[in-house]
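J.: After the structure tokens below, expect a handful of questions from me.
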Amino acid sequence: IKYIVTYDQLTGLPNLDSLENRIREGIADFSKTNKEFALSIVSIRNYKELLGLHGKDITDQLIKQISHKISSYLNIDEVLFKLESEEFG
């Protein structure tokens, strides 16, 4: 059940709840060690138009491909989160 609550079912990426936990951990670590952290947000432009033009199945496949592509650029200590239907962090 914890997996269902903390991971996106489509991509398998940690979700917004997981990100909120990671931010809390990052703030706590910073107060102890001054180790900084950063957050970037990536949003797919015209997501709703893509969904309308190509349907849910094709758009879901696109989201999976985007998540895999972004993940391939991350370092081992970096994490990609699925925030909303069209947003990654």
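Numbering starts fresh at 1 for the residues of each chain in the structure tokens, the chains themselves are lettered A, B, ... in the order given, and ligands are numbered from 1 as they appear.
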Identify, on the basis of only C-alpha atoms, every residue whose closest approach to stretch 40-49 of chain A does not exceed 12 Å; exclude the query and any residue fewer than 3 positions from it along the same chain; express the result as a PyMOL selection string.

T.: chain A and resi 16+19+37+52-56+58-60+62-63+66-67+70+78-89

J.: Write the residues you've just listed into a file as a CSV table (one decimal), in the first residue's frame, and include N, CA and C atoms for each of them.

T.:
chain,number,residue,atom,x,y,z
A,16,LEU,N,4.4,13.2,-5.8
A,16,LEU,CA,4.5,14.4,-5.0
A,16,LEU,C,4.6,14.2,-3.5
A,19,LEU,N,8.2,13.5,-2.9
A,19,LEU,CA,8.9,14.7,-3.0
A,19,LEU,C,8.8,15.6,-1.7
A,37,PHE,N,20.5,21.5,-1.4
A,37,PHE,CA,19.8,20.7,-2.4
A,37,PHE,C,19.1,21.6,-3.3
A,52,GLY,N,-5.9,15.7,-26.0
A,52,GLY,CA,-7.1,15.8,-26.9
A,52,GLY,C,-6.8,15.3,-28.3
A,53,LEU,N,-5.6,15.5,-28.8
A,53,LEU,CA,-5.3,15.1,-30.2
A,53,LEU,C,-5.0,13.6,-30.3
A,54,HIS,N,-4.3,13.1,-29.3
A,54,HIS,CA,-3.8,11.7,-29.5
A,54,HIS,C,-4.4,10.7,-28.5
A,55,GLY,N,-5.2,11.2,-27.6
A,55,GLY,CA,-5.8,10.3,-26.6
A,55,GLY,C,-4.9,9.9,-25.5
A,56,LYS,N,-5.5,9.2,-24.5
A,56,LYS,CA,-4.8,8.9,-23.3
A,56,LYS,C,-3.7,7.9,-23.5
A,58,ILE,N,-1.8,7.1,-26.1
A,58,ILE,CA,-0.6,7.6,-26.7
A,58,ILE,C,0.1,8.6,-25.8
A,59,THR,N,-0.7,9.5,-25.2
A,59,THR,CA,-0.1,10.5,-24.3
A,59,THR,C,0.6,9.8,-23.1
A,60,ASP,N,0.0,8.7,-22.5
A,60,ASP,CA,0.6,8.0,-21.5
A,60,ASP,C,2.0,7.4,-21.9
A,62,LEU,N,3.9,8.7,-24.2
A,62,LEU,CA,4.8,9.8,-24.3
A,62,LEU,C,5.3,10.2,-22.9
A,63,ILE,N,4.5,10.2,-21.9
A,63,ILE,CA,4.9,10.5,-20.5
A,63,ILE,C,5.9,9.5,-20.0
A,66,ILE,N,9.2,10.2,-21.8
A,66,ILE,CA,9.9,11.4,-21.3
A,66,ILE,C,10.5,11.1,-19.9
A,67,SER,N,9.8,10.4,-19.1
A,67,SER,CA,10.3,10.0,-17.7
A,67,SER,C,11.6,9.2,-17.9
A,70,ILE,N,14.5,11.7,-19.2
A,70,ILE,CA,15.0,12.6,-18.1
A,70,ILE,C,15.8,11.8,-17.1
A,78,GLU,N,20.6,11.8,-7.7
A,78,GLU,CA,19.5,12.6,-8.1
A,78,GLU,C,18.3,11.8,-8.4
A,79,VAL,N,17.1,12.4,-8.1
A,79,VAL,CA,15.8,11.6,-8.2
A,79,VAL,C,14.9,12.4,-9.0
A,80,LEU,N,14.2,11.7,-9.9
A,80,LEU,CA,13.1,12.3,-10.7
A,80,LEU,C,11.8,11.9,-10.1
A,81,PHE,N,10.9,12.9,-9.8
A,81,PHE,CA,9.6,12.7,-9.3
A,81,PHE,C,8.5,13.1,-10.3
A,82,LYS,N,7.4,12.4,-10.3
A,82,LYS,CA,6.2,12.7,-11.1
A,82,LYS,C,5.3,13.5,-10.2
A,83,LEU,N,5.1,14.8,-10.5
A,83,LEU,CA,4.4,15.7,-9.7
A,83,LEU,C,2.9,15.7,-10.0
A,84,GLU,N,2.6,16.0,-11.3
A,84,GLU,CA,1.2,16.1,-11.8
A,84,GLU,C,1.2,15.3,-13.1
A,85,SER,N,0.1,15.3,-13.8
A,85,SER,CA,0.0,14.6,-15.0
A,85,SER,C,1.0,15.0,-16.0
A,86,GLU,N,1.4,16.3,-16.0
A,86,GLU,CA,2.4,16.8,-17.0
A,86,GLU,C,3.6,17.4,-16.4
A,87,GLU,N,3.9,17.2,-15.1
A,87,GLU,CA,5.0,17.8,-14.4
A,87,GLU,C,5.9,16.8,-13.8
A,88,PHE,N,7.2,17.1,-13.9
A,88,PHE,CA,8.2,16.3,-13.2
A,88,PHE,C,9.1,17.2,-12.4
A,89,GLY,N,9.7,16.7,-11.4
A,89,GLY,CA,10.5,17.5,-10.5
A,89,GLY,C,11.8,16.7,-10.1

J.: Take atom CA of A:Leu10 and atom CA of A:Asp57 and report the distance between them in Å, one decimal.

T.: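 Atom CA of A:Leu10 sits 10.8 Å away from atom CA of A:Asp57.
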
J.: Please return, as a PyMOL selection string, all residues of stretch 27-84 of chain A that DSSP assigns to helix (DSSP H, G or I) on the basis of the backbone.

T.: chain A and resi 27-33+47-72

J.: Which of these residues is nearest to A:Arg22, using only C-alpha atoms: A:Leu39, A:Ile4, A:Gln9, A:Asn75?

T.: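 Nearest to A:Arg22: A:Leu39.
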
J.: Between atom CA of A:Arg24 and atom CA of A:Glu36, what is the distance, to one decimal in Å?

T.: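 Computing the Euclidean distance for atom CA of A:Arg24 and atom CA of A:Glu36 yields 12.5 Å.
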
J.: As a PyMOL selection string, list the residues of chain A assigned to strand (DSSP E or B) by DSSP on the backbone atoms of this structure.

T.: chain A and resi 7+14-15+42-43+82-84+87-88

J.: For the residues selected in the previous step, produce a file with N, CA, C and O atoms as a short mmCIF file (atom, residue, chain, number, x, y, z; two decimals), in the first residue's frame.

T.:
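The new file selection_36.cif reads:
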data_model
loop_
_atom_site.label_atom_id
_atom_site.label_comp_id
_atom_site.auth_asym_id
_atom_site.auth_seq_id
_atom_site.Cartn_x
_atom_site.Cartn_y
_atom_site.Cartn_z
N TYR A 7 4.22 6.33 -5.07
CA TYR A 7 4.76 6.22 -6.43
C TYR A 7 3.67 6.40 -7.47
O TYR A 7 2.53 5.99 -7.27
N PRO A 14 8.73 8.10 -8.04
CA PRO A 14 8.18 8.63 -6.80
C PRO A 14 7.29 9.83 -7.12
O PRO A 14 7.56 10.57 -8.07
N ASN A 15 6.23 10.01 -6.33
CA ASN A 15 5.25 11.06 -6.62
C ASN A 15 5.43 12.28 -5.73
O ASN A 15 6.43 12.42 -5.03
N VAL A 42 9.93 20.47 -14.43
CA VAL A 42 9.79 20.38 -15.88
C VAL A 42 8.32 20.12 -16.17
O VAL A 42 7.73 19.18 -15.64
N SER A 43 7.74 20.97 -17.00
CA SER A 43 6.33 20.83 -17.35
C SER A 43 6.21 20.64 -18.86
O SER A 43 6.88 21.33 -19.63
N LYS A 82 7.41 12.36 -10.27
CA LYS A 82 6.24 12.70 -11.10
C LYS A 82 5.31 13.50 -10.22
O LYS A 82 4.77 13.00 -9.24
N LEU A 83 5.12 14.78 -10.54
CA LEU A 83 4.36 15.67 -9.68
C LEU A 83 2.89 15.74 -10.04
O LEU A 83 2.02 15.58 -9.21
N GLU A 84 2.62 16.02 -11.28
CA GLU A 84 1.24 16.10 -11.79
C GLU A 84 1.22 15.33 -13.10
O GLU A 84 2.22 14.76 -13.51
N GLU A 87 3.86 17.17 -15.10
CA GLU A 87 5.00 17.81 -14.43
C GLU A 87 5.92 16.79 -13.76
O GLU A 87 5.46 15.82 -13.16
N PHE A 88 7.20 17.08 -13.90
CA PHE A 88 8.24 16.29 -13.25
C PHE A 88 9.09 17.23 -12.40
O PHE A 88 9.22 18.40 -12.71
#
